[in-house]
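protein36.cif (mmCIF, C-alpha atoms)
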data_protein
#
loop_
_atom_site.group_PDB
_atom_site.id
_atom_site.type_symbol
_atom_site.label_atom_id
_atom_site.label_comp_id
_atom_site.auth_asym_id
_atom_site.auth_seq_id
_atom_site.Cartn_x
_atom_site.Cartn_y
_atom_site.Cartn_z
ATOM 1 C CA GLY A 1 0.000 0.000 0.000
ATOM 2 C CA ASN A 2 3.014 2.352 0.069
ATOM 3 C CA CYS A 3 4.132 2.098 -3.566
ATOM 4 C CA ASP A 4 3.726 4.517 -6.448
ATOM 5 C CA ILE A 5 2.053 3.276 -9.637
ATOM 6 C CA LEU A 6 3.048 4.538 -13.096
ATOM 7 C CA LEU A 7 0.734 3.769 -16.026
ATOM 8 C CA ALA A 8 1.713 4.713 -19.594
ATOM 9 C CA GLY A 9 -0.276 4.878 -22.831
ATOM 10 C CA ARG A 10 0.795 4.455 -26.485
ATOM 11 C CA ASN A 11 0.481 8.210 -27.078
ATOM 12 C CA GLY A 12 3.375 8.889 -24.679
ATOM 13 C CA LYS A 13 1.562 9.993 -21.523
ATOM 14 C CA CYS A 14 2.296 8.562 -18.069
ATOM 15 C CA CYS A 15 0.245 8.932 -14.896
ATOM 16 C CA ARG A 16 1.909 8.493 -11.465
ATOM 17 C CA PHE A 17 -0.249 8.049 -8.376
ATOM 18 C CA GLU A 18 -0.104 6.403 -4.983
ATOM 19 C CA GLU A 19 -1.113 2.761 -4.706
ATOM 20 C CA ALA A 20 -3.440 3.637 -1.808
ATOM 21 C CA ASP A 21 -5.536 5.746 -4.247
ATOM 22 C CA ALA A 22 -6.713 2.535 -5.960
ATOM 23 C CA ARG A 23 -9.064 1.091 -3.378
ATOM 24 C CA ALA A 24 -9.472 -2.635 -2.852
ATOM 25 C CA ILE A 25 -12.621 -4.046 -4.485
ATOM 26 C CA GLY A 26 -14.031 -7.482 -5.250
ATOM 27 C CA ARG A 27 -12.819 -9.586 -8.180
ATOM 28 C CA ASN A 28 -16.167 -9.289 -9.988
ATOM 29 C CA ALA A 29 -16.015 -5.481 -9.944
ATOM 30 C CA THR A 30 -15.007 -3.439 -12.979
ATOM 31 C CA GLY A 31 -12.171 -1.655 -11.182
ATOM 32 C CA VAL A 32 -11.134 1.974 -10.975
ATOM 33 C CA ARG A 33 -9.650 4.227 -13.618
ATOM 34 C CA GLY A 34 -5.858 4.515 -13.397
ATOM 35 C CA ILE A 35 -5.262 6.831 -16.374
ATOM 36 C CA ASN A 36 -7.644 8.781 -18.589
ATOM 37 C CA LEU A 37 -6.836 7.800 -22.183
ATOM 38 C CA ASP A 38 -7.641 9.659 -25.391
ATOM 39 C CA GLU A 39 -9.678 7.999 -28.148
ATOM 40 C CA GLY A 40 -7.628 5.204 -29.763
ATOM 41 C CA ASP A 41 -4.998 5.154 -26.992
ATOM 42 C CA GLU A 42 -4.256 2.095 -24.847
ATOM 43 C CA VAL A 43 -2.149 1.250 -21.810
ATOM 44 C CA VAL A 44 1.223 -0.293 -22.725
ATOM 45 C CA GLY A 45 2.869 -0.646 -19.349
ATOM 46 C CA MET A 46 2.689 -0.333 -15.591
ATOM 47 C CA VAL A 47 5.446 0.047 -13.034
ATOM 48 C CA CYS A 48 5.104 -0.289 -9.270
ATOM 49 C CA ILE A 49 7.915 1.366 -7.262
ATOM 50 C CA ASP A 50 8.358 1.641 -3.500
ATOM 51 C CA PRO A 51 9.687 5.181 -2.847
ATOM 52 C CA GLN A 52 11.561 4.025 0.293
ATOM 53 C CA GLU A 53 13.453 1.350 -1.669
ATOM 54 C CA GLN A 54 13.915 3.714 -4.631
ATOM 55 C CA ALA A 55 16.683 5.648 -2.857
ATOM 56 C CA ASP A 56 18.707 2.446 -2.348
ATOM 57 C CA SER A 57 18.172 0.777 -5.732
ATOM 58 C CA GLN A 58 18.600 3.839 -8.009
ATOM 59 C CA LYS A 59 15.894 2.616 -10.396
ATOM 60 C CA THR A 60 15.048 4.714 -13.410
ATOM 61 C CA ILE A 61 12.040 4.618 -15.712
ATOM 62 C CA LEU A 62 12.824 3.204 -19.150
ATOM 63 C CA VAL A 63 10.546 3.873 -22.114
ATOM 64 C CA VAL A 64 10.905 2.348 -25.598
ATOM 65 C CA SER A 65 9.098 3.380 -28.780
ATOM 66 C CA GLU A 66 8.110 1.093 -31.637
ATOM 67 C CA ASN A 67 10.774 2.464 -34.018
ATOM 68 C CA GLY A 68 13.662 1.610 -31.699
ATOM 69 C CA PHE A 69 14.068 4.796 -29.655
ATOM 70 C CA GLY A 70 14.369 4.696 -25.898
ATOM 71 C CA LYS A 71 15.580 6.543 -22.836
ATOM 72 C CA ARG A 72 15.802 6.400 -19.094
ATOM 73 C CA SER A 73 14.344 9.100 -16.846
ATOM 74 C CA GLU A 74 14.527 9.696 -13.115
ATOM 75 C CA LEU A 75 11.416 8.796 -11.112
ATOM 76 C CA GLU A 76 11.428 12.321 -9.649
ATOM 77 C CA ASP A 77 10.789 13.692 -13.166
ATOM 78 C CA TYR A 78 7.265 12.238 -12.959
ATOM 79 C CA ARG A 79 5.152 14.352 -10.648
ATOM 80 C CA LYS A 80 2.395 12.659 -8.701
ATOM 81 C CA THR A 81 -1.050 13.233 -10.145
ATOM 82 C CA ASN A 82 -4.488 12.073 -9.169
ATOM 83 C CA ARG A 83 -5.500 8.574 -10.179
ATOM 84 C CA GLY A 84 -7.464 8.779 -13.410
ATOM 85 C CA GLY A 85 -5.646 11.875 -14.693
ATOM 86 C CA LYS A 86 -4.306 12.448 -18.212
ATOM 87 C CA GLY A 87 -0.708 12.096 -17.030
ATOM 88 C CA VAL A 88 2.452 13.845 -18.139
ATOM 89 C CA LYS A 89 4.520 13.413 -21.310
ATOM 90 C CA THR A 90 6.976 10.534 -20.867
ATOM 91 C CA ILE A 91 8.442 10.492 -24.388
ATOM 92 C CA ASN A 92 8.140 12.843 -27.324
ATOM 93 C CA ILE A 93 6.085 10.869 -29.864
ATOM 94 C CA THR A 94 6.907 11.758 -33.474
ATOM 95 C CA GLU A 95 6.719 9.973 -36.828
ATOM 96 C CA LYS A 96 10.413 9.186 -36.382
ATOM 97 C CA THR A 97 10.007 7.518 -32.956
ATOM 98 C CA GLY A 98 6.614 5.884 -33.387
ATOM 99 C CA SER A 99 4.250 5.078 -30.534
ATOM 100 C CA LEU A 100 5.313 4.072 -27.047
ATOM 101 C CA ILE A 101 5.406 0.296 -26.585
ATOM 102 C CA ALA A 102 7.114 -0.328 -23.240
ATOM 103 C CA LEU A 103 7.494 1.177 -19.774
ATOM 104 C CA LYS A 104 9.919 -0.574 -17.407
ATOM 105 C CA ALA A 105 11.719 0.118 -14.117
ATOM 106 C CA VAL A 106 15.445 -0.599 -14.512
ATOM 107 C CA ASN A 107 18.769 -0.009 -12.801
ATOM 108 C CA ASP A 108 22.392 -0.332 -13.917
ATOM 109 C CA ASP A 109 22.414 -4.039 -12.964
ATOM 110 C CA ASN A 110 19.860 -4.941 -15.649
ATOM 111 C CA ASP A 111 20.057 -5.854 -19.314
ATOM 112 C CA LEU A 112 17.393 -5.142 -21.876
ATOM 113 C CA MET A 113 16.152 -7.711 -24.417
ATOM 114 C CA ILE A 114 14.530 -6.145 -27.479
ATOM 115 C CA ILE A 115 12.723 -8.310 -30.045
ATOM 116 C CA ASN A 116 11.584 -7.092 -33.479
ATOM 117 C CA ARG A 117 8.502 -8.367 -35.272
ATOM 118 C CA SER A 118 10.857 -9.870 -37.876
ATOM 119 C CA GLY A 119 12.483 -12.014 -35.152
ATOM 120 C CA ILE A 120 15.720 -10.117 -34.550
ATOM 121 C CA THR A 121 16.667 -10.053 -30.866
ATOM 122 C CA ILE A 122 19.317 -7.904 -29.215
ATOM 123 C CA ARG A 123 20.549 -7.682 -25.652
ATOM 124 C CA THR A 124 21.945 -4.400 -24.353
ATOM 125 C CA HIS A 125 23.121 -3.141 -20.984
ATOM 126 C CA THR A 126 20.787 -0.577 -19.446
ATOM 127 C CA ASP A 127 23.735 1.402 -18.106
ATOM 128 C CA GLU A 128 24.610 2.182 -21.756
ATOM 129 C CA ILE A 129 21.280 4.005 -22.195
ATOM 130 C CA ARG A 130 21.668 7.572 -21.028
ATOM 131 C CA VAL A 131 19.326 9.174 -18.512
ATOM 132 C CA ALA A 132 17.448 11.975 -20.282
ATOM 133 C CA GLY A 133 14.626 14.382 -19.589
ATOM 134 C CA ARG A 134 11.083 13.125 -19.461
ATOM 135 C CA ALA A 135 9.831 14.939 -22.583
ATOM 136 C CA THR A 136 12.681 14.059 -24.985
ATOM 137 C CA GLN A 137 12.529 11.471 -27.788
ATOM 138 C CA GLY A 138 15.482 9.426 -26.557
ATOM 139 C CA VAL A 139 18.288 7.670 -28.392
ATOM 140 C CA LYS A 140 18.298 4.910 -31.016
ATOM 141 C CA LEU A 141 18.495 1.540 -29.222
ATOM 142 C CA ILE A 142 18.139 -0.662 -32.289
ATOM 143 C CA SER A 143 18.048 -0.044 -36.035
ATOM 144 C CA ILE A 144 14.696 -0.982 -37.518
ATOM 145 C CA ARG A 145 14.175 -1.898 -41.176
ATOM 146 C CA GLU A 146 11.404 -0.306 -43.195
ATOM 147 C CA GLY A 147 8.059 -1.874 -42.276
ATOM 148 C CA ASP A 148 9.413 -3.526 -39.120
ATOM 149 C CA SER A 149 8.826 -2.498 -35.502
ATOM 150 C CA ILE A 150 9.590 -3.661 -31.988
ATOM 151 C CA ALA A 151 7.417 -6.526 -30.770
ATOM 152 C CA ALA A 152 8.559 -6.894 -27.150
ATOM 153 C CA VAL A 153 10.910 -5.487 -24.541
ATOM 154 C CA CYS A 154 12.010 -7.440 -21.476
ATOM 155 C CA VAL A 155 14.252 -6.560 -18.527
ATOM 156 C CA VAL A 156 16.668 -9.298 -17.400
ATOM 157 C CA ASP A 157 19.512 -9.440 -14.889
ATOM 158 C CA LYS A 158 22.911 -8.478 -16.231
ATOM 159 C CA GLU A 159 24.958 -11.520 -17.125
ATOM 160 C CA SER A 160 28.688 -11.441 -16.525
ATOM 161 C CA GLU A 161 31.021 -12.492 -19.343
ATOM 162 C CA ASP A 162 32.346 -15.392 -17.239
ATOM 163 C CA ALA A 163 28.859 -16.755 -16.560
ATOM 164 C CA SER A 164 27.798 -16.622 -20.212
ATOM 165 C CA THR A 165 30.877 -18.483 -21.470
ATOM 166 C CA ALA A 166 30.864 -20.985 -18.591
ATOM 167 C CA GLY A 167 27.321 -22.095 -19.479
ATOM 168 C CA THR A 168 28.266 -22.898 -23.069
ATOM 169 C CA VAL A 169 31.383 -24.843 -22.015
ATOM 170 C CA GLU A 170 29.352 -26.960 -19.580
ATOM 171 C CA GLU A 171 26.761 -27.760 -22.265
ATOM 172 C CA GLU A 172 29.474 -28.837 -24.729
ATOM 173 C CA GLN A 173 31.034 -31.200 -22.177
ATOM 174 C CA GLN A 174 27.748 -33.035 -21.615
#
Taking this structure as input, can you express it in the form of structure tokens?
Amino acid sequence: GNCDILLAGRNGKCCRFEEADARAIGRNATGVRGINLDEGDEVVGMVCIDPQEQADSQKTILVVSENGFGKRSELEDYRKTNRGGKGVKTINITEKTGSLIALKAVNDDNDLMIINRSGITIRTHTDEIRVAGRATQGVKLISIREGDSIAAVCVVDKESEDASTAGTVEEEQQ
């Protein structure tokens, strides 16, 4: 009940509110509105962050657009709003960037897996993605071919070089 919730829509808006603002209701109920979306918009991601643990973990908010652009922003850049509000701009949506497709909480100890619709997968260190302002368009994370777009983004623990090579050696010996 002490966490902050961030909800983001495809049009690049993000609403941050306290978890306690979403009251507990029965499982048959419709629920409460977390973010007020424009016509044709949809929620693409949700992040739950405990502000007390935030100071220790140094998590940042990562956003990725469908044309391969992404950036990290500080949690403090997102002001708290009322639940059900329009939210604040989390990424500058242009024809070049495309719509927002992912919202994740990351720190420097994470890696990012990005998968294209054509099947290409890359893994990149999150500490290589610079922390930028909330309303910027970000940097190019992956080059996208014409007609292709990002299908999925996943946060995984950073793998050391020794661990990745040790696993392949063990498999070859068996």
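Restricting the calculation to all atoms listed in the file, the smallest distance between Asp108 (chain A) and any of A:Cys14, A:Leu62, A:Ala24, A:Val44 is found for A:Leu62.
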query: Which distance in Å separates CA of Ile101 (chain A) and CA of Glu53 (chain A), to one decimal?
result: 26.2 Å
task: Mind listing whatever residues come within 12 Å of the point (4.8, 1.2, -10.8)? Use all atoms listed in the file, file coordinates, and give them as a PyMOL selection string.
output: chain A and resi 1-8+14-19+34+45-51+54+59-62+75+78+80+103-106
message: Taking 3 positions as the minimum chain separation for residues in the same chain, which residues sit within 10 Å of Lys89 (chain A) when counting all atoms listed in the file? Answer as a PyMOL selection string.
response: chain A and resi 8-9+11-15+78+86+92-93+134-136
- request: Determine the residue set returned by the PyMOL selection byres ((chain A and resi 120-133) around 9) for the present structure, and present it as JSON, numbers by chain.
  value: {"A": [60, 62, 70, 71, 72, 73, 74, 77, 90, 91, 106, 107, 108, 109, 110, 111, 112, 113, 114, 115, 116, 117, 118, 119, 134, 135, 136, 137, 138, 139, 141, 142, 155, 158]}
query: How many Å lie between CA of Asp148 (chain A) and CA of Ala102 (chain A), rounded to one decimal?
result: 16.4 Å
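Using only C-alpha atoms for every distance, the candidate list A:Arg27, A:Lys140, A:Arg33, A:Lys96 yields A:Lys140 as the residue closest to Gly68 (chain A).
Candidate residues A:Ile144, A:Ile35, A:Ala151, A:Val64 were compared for distance to Val88 (chain A), and the nearest is A:Ile35, using all atoms listed in the file.
For the atom pair formed by CA of Glu66 (chain A) and CA of Ile150 (chain A), the distance is 5.0 Å, given to one decimal.
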query: Can you find the residues with an atom no farther than 12 Å from (-5.1, 2.0, -34.6), counting only C-alpha atoms, and report them as a VMD selection string?
result: chain A and resid 10 to 11 39 to 42 99
Calculate, to one decimal in Å, the centre and edge lengths of the box along x, y and z of the file that holds all listed atoms of region 26-40 of chain A with 6 Å of margin on each side, and present them as lines of an AutoDock Vina configuration file.
center_x = -10.7
center_y = 0.0
center_z = -17.5
size_x = 22.9
size_y = 31.2
size_z = 36.5
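Checking A:Asn67, A:Asn36, A:Gln58, A:Thr81 one by one against Gly98 (chain A), counting only C-alpha atoms, you find the shortest gap at A:Asn67.
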File output for region 126-155 of chain A (N, CA and C atoms) as a PDB file, in the first residue's frame:
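As a result, result-v8.pdb now contains:
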ATOM      1  N   THR A 126      21.558  -1.792 -19.702  1.00  0.00           N
ATOM      2  CA  THR A 126      20.787  -0.577 -19.446  1.00  0.00           C
ATOM      3  C   THR A 126      21.681   0.584 -19.049  1.00  0.00           C
ATOM      4  N   ASP A 127      22.852   0.296 -18.491  1.00  0.00           N
ATOM      5  CA  ASP A 127      23.735   1.402 -18.106  1.00  0.00           C
ATOM      6  C   ASP A 127      24.328   2.113 -19.321  1.00  0.00           C
ATOM      7  N   GLU A 128      24.163   1.537 -20.525  1.00  0.00           N
ATOM      8  CA  GLU A 128      24.610   2.182 -21.756  1.00  0.00           C
ATOM      9  C   GLU A 128      23.563   3.138 -22.321  1.00  0.00           C
ATOM     10  N   ILE A 129      22.352   3.104 -21.767  1.00  0.00           N
ATOM     11  CA  ILE A 129      21.280   4.005 -22.195  1.00  0.00           C
ATOM     12  C   ILE A 129      21.316   5.210 -21.280  1.00  0.00           C
ATOM     13  N   ARG A 130      21.492   6.389 -21.861  1.00  0.00           N
ATOM     14  CA  ARG A 130      21.668   7.572 -21.028  1.00  0.00           C
ATOM     15  C   ARG A 130      20.348   8.002 -20.382  1.00  0.00           C
ATOM     16  N   VAL A 131      20.477   8.618 -19.217  1.00  0.00           N
ATOM     17  CA  VAL A 131      19.326   9.174 -18.512  1.00  0.00           C
ATOM     18  C   VAL A 131      19.054  10.538 -19.125  1.00  0.00           C
ATOM     19  N   ALA A 132      17.820  10.736 -19.587  1.00  0.00           N
ATOM     20  CA  ALA A 132      17.448  11.975 -20.282  1.00  0.00           C
ATOM     21  C   ALA A 132      16.184  12.543 -19.662  1.00  0.00           C
ATOM     22  N   GLY A 133      15.838  13.730 -20.073  1.00  0.00           N
ATOM     23  CA  GLY A 133      14.626  14.382 -19.589  1.00  0.00           C
ATOM     24  C   GLY A 133      13.380  13.617 -19.995  1.00  0.00           C
ATOM     25  N   ARG A 134      12.322  13.859 -19.270  1.00  0.00           N
ATOM     26  CA  ARG A 134      11.083  13.125 -19.461  1.00  0.00           C
ATOM     27  C   ARG A 134      10.444  13.385 -20.826  1.00  0.00           C
ATOM     28  N   ALA A 135      10.542  14.585 -21.355  1.00  0.00           N
ATOM     29  CA  ALA A 135       9.831  14.939 -22.583  1.00  0.00           C
ATOM     30  C   ALA A 135      10.719  14.901 -23.834  1.00  0.00           C
ATOM     31  N   THR A 136      11.819  14.172 -23.809  1.00  0.00           N
ATOM     32  CA  THR A 136      12.681  14.059 -24.985  1.00  0.00           C
ATOM     33  C   THR A 136      12.309  12.802 -25.778  1.00  0.00           C
ATOM     34  N   GLN A 137      12.866  12.654 -26.976  1.00  0.00           N
ATOM     35  CA  GLN A 137      12.529  11.471 -27.788  1.00  0.00           C
ATOM     36  C   GLN A 137      13.468  10.306 -27.550  1.00  0.00           C
ATOM     37  N   GLY A 138      14.579  10.515 -26.879  1.00  0.00           N
ATOM     38  CA  GLY A 138      15.482   9.426 -26.557  1.00  0.00           C
ATOM     39  C   GLY A 138      16.530   9.183 -27.622  1.00  0.00           C
ATOM     40  N   VAL A 139      17.212   8.046 -27.475  1.00  0.00           N
ATOM     41  CA  VAL A 139      18.288   7.670 -28.392  1.00  0.00           C
ATOM     42  C   VAL A 139      17.908   6.378 -29.116  1.00  0.00           C
ATOM     43  N   LYS A 140      18.566   6.116 -30.225  1.00  0.00           N
ATOM     44  CA  LYS A 140      18.298   4.910 -31.016  1.00  0.00           C
ATOM     45  C   LYS A 140      18.896   3.704 -30.296  1.00  0.00           C
ATOM     46  N   LEU A 141      18.047   2.753 -29.893  1.00  0.00           N
ATOM     47  CA  LEU A 141      18.495   1.540 -29.222  1.00  0.00           C
ATOM     48  C   LEU A 141      18.779   0.421 -30.207  1.00  0.00           C
ATOM     49  N   ILE A 142      18.012   0.389 -31.291  1.00  0.00           N
ATOM     50  CA  ILE A 142      18.139  -0.662 -32.289  1.00  0.00           C
ATOM     51  C   ILE A 142      17.711  -0.088 -33.636  1.00  0.00           C
ATOM     52  N   SER A 143      18.418  -0.486 -34.686  1.00  0.00           N
ATOM     53  CA  SER A 143      18.048  -0.044 -36.035  1.00  0.00           C
ATOM     54  C   SER A 143      16.918  -0.925 -36.545  1.00  0.00           C
ATOM     55  N   ILE A 144      15.892  -0.285 -37.037  1.00  0.00           N
ATOM     56  CA  ILE A 144      14.696  -0.982 -37.518  1.00  0.00           C
ATOM     57  C   ILE A 144      14.614  -0.832 -39.032  1.00  0.00           C
ATOM     58  N   ARG A 145      14.371  -1.942 -39.724  1.00  0.00           N
ATOM     59  CA  ARG A 145      14.175  -1.898 -41.176  1.00  0.00           C
ATOM     60  C   ARG A 145      12.810  -1.299 -41.505  1.00  0.00           C
ATOM     61  N   GLU A 146      12.673  -0.856 -42.722  1.00  0.00           N
ATOM     62  CA  GLU A 146      11.404  -0.306 -43.195  1.00  0.00           C
ATOM     63  C   GLU A 146      10.296  -1.347 -43.049  1.00  0.00           C
ATOM     64  N   GLY A 147       9.192  -0.972 -42.449  1.00  0.00           N
ATOM     65  CA  GLY A 147       8.059  -1.874 -42.276  1.00  0.00           C
ATOM     66  C   GLY A 147       8.134  -2.763 -41.047  1.00  0.00           C
ATOM     67  N   ASP A 148       9.240  -2.719 -40.328  1.00  0.00           N
ATOM     68  CA  ASP A 148       9.413  -3.526 -39.120  1.00  0.00           C
ATOM     69  C   ASP A 148       9.179  -2.643 -37.893  1.00  0.00           C
ATOM     70  N   SER A 149       8.961  -3.244 -36.751  1.00  0.00           N
ATOM     71  CA  SER A 149       8.826  -2.498 -35.502  1.00  0.00           C
ATOM     72  C   SER A 149       9.174  -3.426 -34.345  1.00  0.00           C
ATOM     73  N   ILE A 150       9.258  -2.870 -33.162  1.00  0.00           N
ATOM     74  CA  ILE A 150       9.590  -3.661 -31.988  1.00  0.00           C
ATOM     75  C   ILE A 150       8.349  -4.417 -31.526  1.00  0.00           C
ATOM     76  N   ALA A 151       8.526  -5.693 -31.229  1.00  0.00           N
ATOM     77  CA  ALA A 151       7.417  -6.526 -30.770  1.00  0.00           C
ATOM     78  C   ALA A 151       7.371  -6.610 -29.245  1.00  0.00           C
ATOM     79  N   ALA A 152       8.537  -6.721 -28.603  1.00  0.00           N
ATOM     80  CA  ALA A 152       8.559  -6.894 -27.150  1.00  0.00           C
ATOM     81  C   ALA A 152       9.848  -6.371 -26.555  1.00  0.00           C
ATOM     82  N   VAL A 153       9.759  -5.952 -25.306  1.00  0.00           N
ATOM     83  CA  VAL A 153      10.910  -5.487 -24.541  1.00  0.00           C
ATOM     84  C   VAL A 153      10.843  -6.169 -23.188  1.00  0.00           C
ATOM     85  N   CYS A 154      11.973  -6.714 -22.739  1.00  0.00           N
ATOM     86  CA  CYS A 154      12.010  -7.440 -21.476  1.00  0.00           C
ATOM     87  C   CYS A 154      13.260  -7.037 -20.700  1.00  0.00           C
ATOM     88  N   VAL A 155      13.119  -6.875 -19.391  1.00  0.00           N
ATOM     89  CA  VAL A 155      14.252  -6.560 -18.527  1.00  0.00           C
ATOM     90  C   VAL A 155      14.740  -7.857 -17.896  1.00  0.00           C
TER      91      VAL A 155
END
